[in-house]
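Chemist: My structure file model_38.csv, CSV, C-alpha atoms, is below:
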chain,number,residue,atom,x,y,z
O,1,MET,CA,110.9,181.7,-3.1
O,2,LEU,CA,114.6,181.1,-2.5
O,3,ILE,CA,114.6,178.2,-5.1
O,4,ASN,CA,113.5,180.5,-7.9
O,5,ASP,CA,116.7,182.5,-7.5
O,6,LEU,CA,118.9,179.5,-8.2
O,7,ARG,CA,119.5,179.8,-11.8
O,8,ARG,CA,121.0,177.1,-14.1
O,9,VAL,CA,124.7,177.5,-13.9
O,10,ASP,CA,127.3,177.0,-16.7
O,11,SER,CA,128.7,173.5,-16.4
O,12,ALA,CA,132.2,174.9,-17.0
O,13,ASP,CA,132.0,176.8,-13.7
O,14,TYR,CA,130.1,174.1,-11.7
O,15,GLY,CA,129.7,170.5,-12.7
O,16,THR,CA,126.1,170.3,-11.4
O,17,THR,CA,123.5,172.5,-9.7
O,18,HIS,CA,124.4,170.5,-6.5
O,19,GLU,CA,127.9,171.8,-6.7
O,20,TYR,CA,126.6,175.3,-7.2
O,21,ILE,CA,124.4,175.1,-4.1
O,22,LEU,CA,127.3,173.9,-2.0
O,23,SER,CA,129.4,176.7,-3.3
O,24,ILE,CA,127.2,179.4,-1.8
O,25,THR,CA,129.2,181.0,0.9
O,26,THR,CA,128.1,182.9,4.0
O,27,PRO,CA,129.0,186.5,3.5
O,28,LYS,CA,130.6,188.5,6.3
O,29,MET,CA,128.2,190.5,8.3
O,30,PRO,CA,128.9,194.2,8.3
O,31,HIS,CA,129.4,196.0,11.7
O,32,THR,CA,126.2,197.9,12.7
O,33,ASN,CA,124.8,199.5,15.8
O,34,THR,CA,122.3,196.8,16.4
O,35,MET,CA,121.8,193.4,15.0
O,36,GLU,CA,118.0,193.9,14.7
O,37,LYS,CA,118.5,197.0,12.6
O,38,TYR,CA,120.9,195.1,10.4
O,39,LEU,CA,118.3,192.3,9.8
O,40,GLN,CA,115.4,194.8,9.3
O,41,ASN,CA,117.4,196.8,6.7
O,42,MET,CA,118.8,193.9,4.8
O,43,LEU,CA,115.7,191.7,4.3
O,44,HIS,CA,112.9,192.6,2.0
O,45,SER,CA,110.0,194.2,3.9
O,46,SER,CA,107.5,192.2,1.9
O,47,LEU,CA,108.6,189.1,3.8
O,48,PHE,CA,106.8,190.4,6.9
O,49,TRP,CA,103.7,191.9,5.4
O,50,ASP,CA,101.6,190.7,8.3
O,51,THR,CA,103.6,192.2,11.1
O,52,ALA,CA,105.6,195.3,11.9
O,53,ALA,CA,109.3,194.6,11.4
O,54,SER,CA,110.1,196.7,14.4
O,55,ARG,CA,108.2,194.3,16.6
O,56,ILE,CA,110.1,191.2,15.5
O,57,ASP,CA,112.6,190.0,18.0
O,58,THR,CA,115.5,188.5,16.2
O,59,ASP,CA,116.2,186.1,19.1
O,60,ARG,CA,112.7,184.9,20.0
O,61,ASN,CA,111.4,184.9,16.4
O,62,SER,CA,114.4,183.4,14.7
O,63,ARG,CA,112.5,180.4,13.4
O,64,PHE,CA,109.8,182.6,12.0
O,65,ILE,CA,112.3,184.8,10.3
O,66,ILE,CA,114.2,181.8,8.8
O,67,GLU,CA,111.0,180.1,7.7
O,68,ARG,CA,109.8,183.2,5.9
O,69,VAL,CA,113.1,183.7,4.1
O,70,VAL,CA,113.2,180.0,3.0
O,71,LEU,CA,109.6,180.1,1.7
O,72,ARG,CA,109.4,183.6,0.3
O,73,GLY,CA,112.8,185.2,0.3
O,74,SER,CA,115.4,185.7,-2.4
O,75,LEU,CA,118.9,184.3,-2.5
O,76,ASP,CA,120.2,187.6,-1.0
O,77,ASP,CA,117.8,187.2,1.9
O,78,TRP,CA,119.0,183.7,2.4
O,79,LYS,CA,122.6,184.9,2.5
O,80,THR,CA,121.7,187.6,5.0
O,81,VAL,CA,120.0,185.1,7.3
O,82,LEU,CA,123.1,182.8,7.1
O,83,ALA,CA,125.4,185.7,7.9
O,84,PHE,CA,123.2,186.9,10.8
O,85,TYR,CA,122.4,183.6,12.5
O,86,GLY,CA,125.2,181.3,11.2
O,87,LYS,CA,124.8,178.0,9.4
O,88,ASN,CA,124.5,175.9,12.6
O,89,LYS,CA,121.7,178.0,14.1
O,90,VAL,CA,119.8,178.1,10.8
O,91,GLN,CA,120.1,174.3,10.4
O,92,LYS,CA,118.8,173.8,14.0
O,93,GLU,CA,115.8,176.1,13.3
O,94,VAL,CA,114.7,174.6,10.0
O,95,LEU,CA,114.6,171.0,11.1
O,96,PRO,CA,111.4,171.3,13.3
O,97,ILE,CA,109.5,173.6,10.8
O,98,ARG,CA,106.2,171.8,9.9
O,99,SER,CA,105.9,172.7,6.3
O,100,PHE,CA,108.2,173.3,3.3
O,101,ASP,CA,107.5,173.0,-0.3
O,102,PRO,CA,109.3,170.0,-2.0
O,103,LYS,CA,111.9,172.2,-3.7
O,104,SER,CA,112.8,174.1,-0.6
O,105,LEU,CA,113.1,170.9,1.4
O,106,ALA,CA,115.4,169.4,-1.3
O,107,TYR,CA,117.5,172.6,-1.3
O,108,LEU,CA,117.9,172.6,2.5
O,109,SER,CA,118.7,168.9,2.5
O,110,VAL,CA,121.5,169.4,0.0
O,111,PHE,CA,122.7,172.6,1.5
O,112,PHE,CA,123.0,171.2,5.1
O,113,ASN,CA,123.9,167.7,3.8
O,114,ILE,CA,121.2,166.0,5.9
O,115,SER,CA,118.5,163.5,4.9
O,116,LYS,CA,115.1,164.9,4.1
O,117,SER,CA,113.7,162.4,6.6
O,118,GLN,CA,115.3,164.3,9.4
O,119,PHE,CA,113.0,167.3,8.7
O,120,ARG,CA,109.8,167.4,10.6
O,121,CYS,CA,107.9,168.4,7.4
O,122,TYR,CA,109.0,165.3,5.5
O,123,ASN,CA,106.3,162.8,4.8
Write the structure described by the file as structure tokens, please.
Modeler:
Amino acid sequence: MLINDLRRVDSADYGTTHEYILSITTPKMPHTNTMEKYLQNMLHSSLFWDTAASRIDTDRNSRFIIERVVLRGSLDDWKTVLAFYGKNKVQKEVLPIRSFDPKSLAYLSVFFNISKSQFRCYN
């Protein structure tokens, strides 16, 4: 889970965990032959144990990919998805997802600076 990768940070570097979350930047995406190959090579294959990675279309299955990364991915996977899709696209795709654990929902709310109640999964 993405949240497990967020370690407690030294308060001298960041005043709070909230400030650390907001400091996570989107890395520059390296130039590759195809975008799909980039995503397949950069994300952990264990995220897609139930389907062949070569059959995942990065455009049509963007919500599926983003959801898997949020629920089961590492911080590096999260940065990869942000670099690949961009922050606005990721935000647009996470809002209608039906289910997030409470920690992931709290993280997304802070990261995108939007209320938890705007997420479909909020109850």
Chemist: Of the residues O:Thr80, O:Leu108, O:Thr51, O:Leu75, which is the one nearest to Leu95 in chain O, using all atoms listed in the file?
Modeler: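 Of O:Thr80, O:Leu108, O:Thr51, O:Leu75, the one nearest Leu95 in chain O is O:Leu108, counting all atoms listed in the file.
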Chemist: Interatomic distance between CA of Val90 in chain O and CA of Lys103 in chain O?
Modeler: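 Between CA of Val90 in chain O and CA of Lys103 in chain O the gap is 17.5 Å.
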Chemist: Expressed in Å to a single decimal, how great is the separation between CA of Val69 in chain O and CA of Val81 in chain O?
Modeler: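 Result for CA of Val69 in chain O versus CA of Val81 in chain O: 7.7 Å, one decimal.
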Chemist: Pick the closest to Ile97 in chain O from O:Ile66, O:Leu47, O:Ala53, O:Leu39: which is it, counting only C-alpha atoms?
Modeler: O:Ile66
Chemist: To one decimal place, how far is CA of Ile65 in chain O from CA of Pro102 in chain O in Å?
Modeler: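 About the pair CA of Ile65 in chain O and CA of Pro102 in chain O: they are 19.5 Å apart.
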Chemist: Taking all atoms listed in the file into account, which of O:Ser115, O:Lys79, O:Phe64, O:Gly73 comes nearest Arg98 in chain O?
Modeler: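 When distances to Arg98 in chain O are compared using all atoms listed in the file, the smallest one comes from O:Phe64.
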Chemist: Could you name the residues that touch Glu93 in chain O at 12 Å or less, counting all atoms listed in the file, but leaving out those on the same chain fewer than 5 positions away, as a PyMOL selection string?
Modeler: chain O and resi 59-68+70+81-82+85-88+98+108+112+119-120
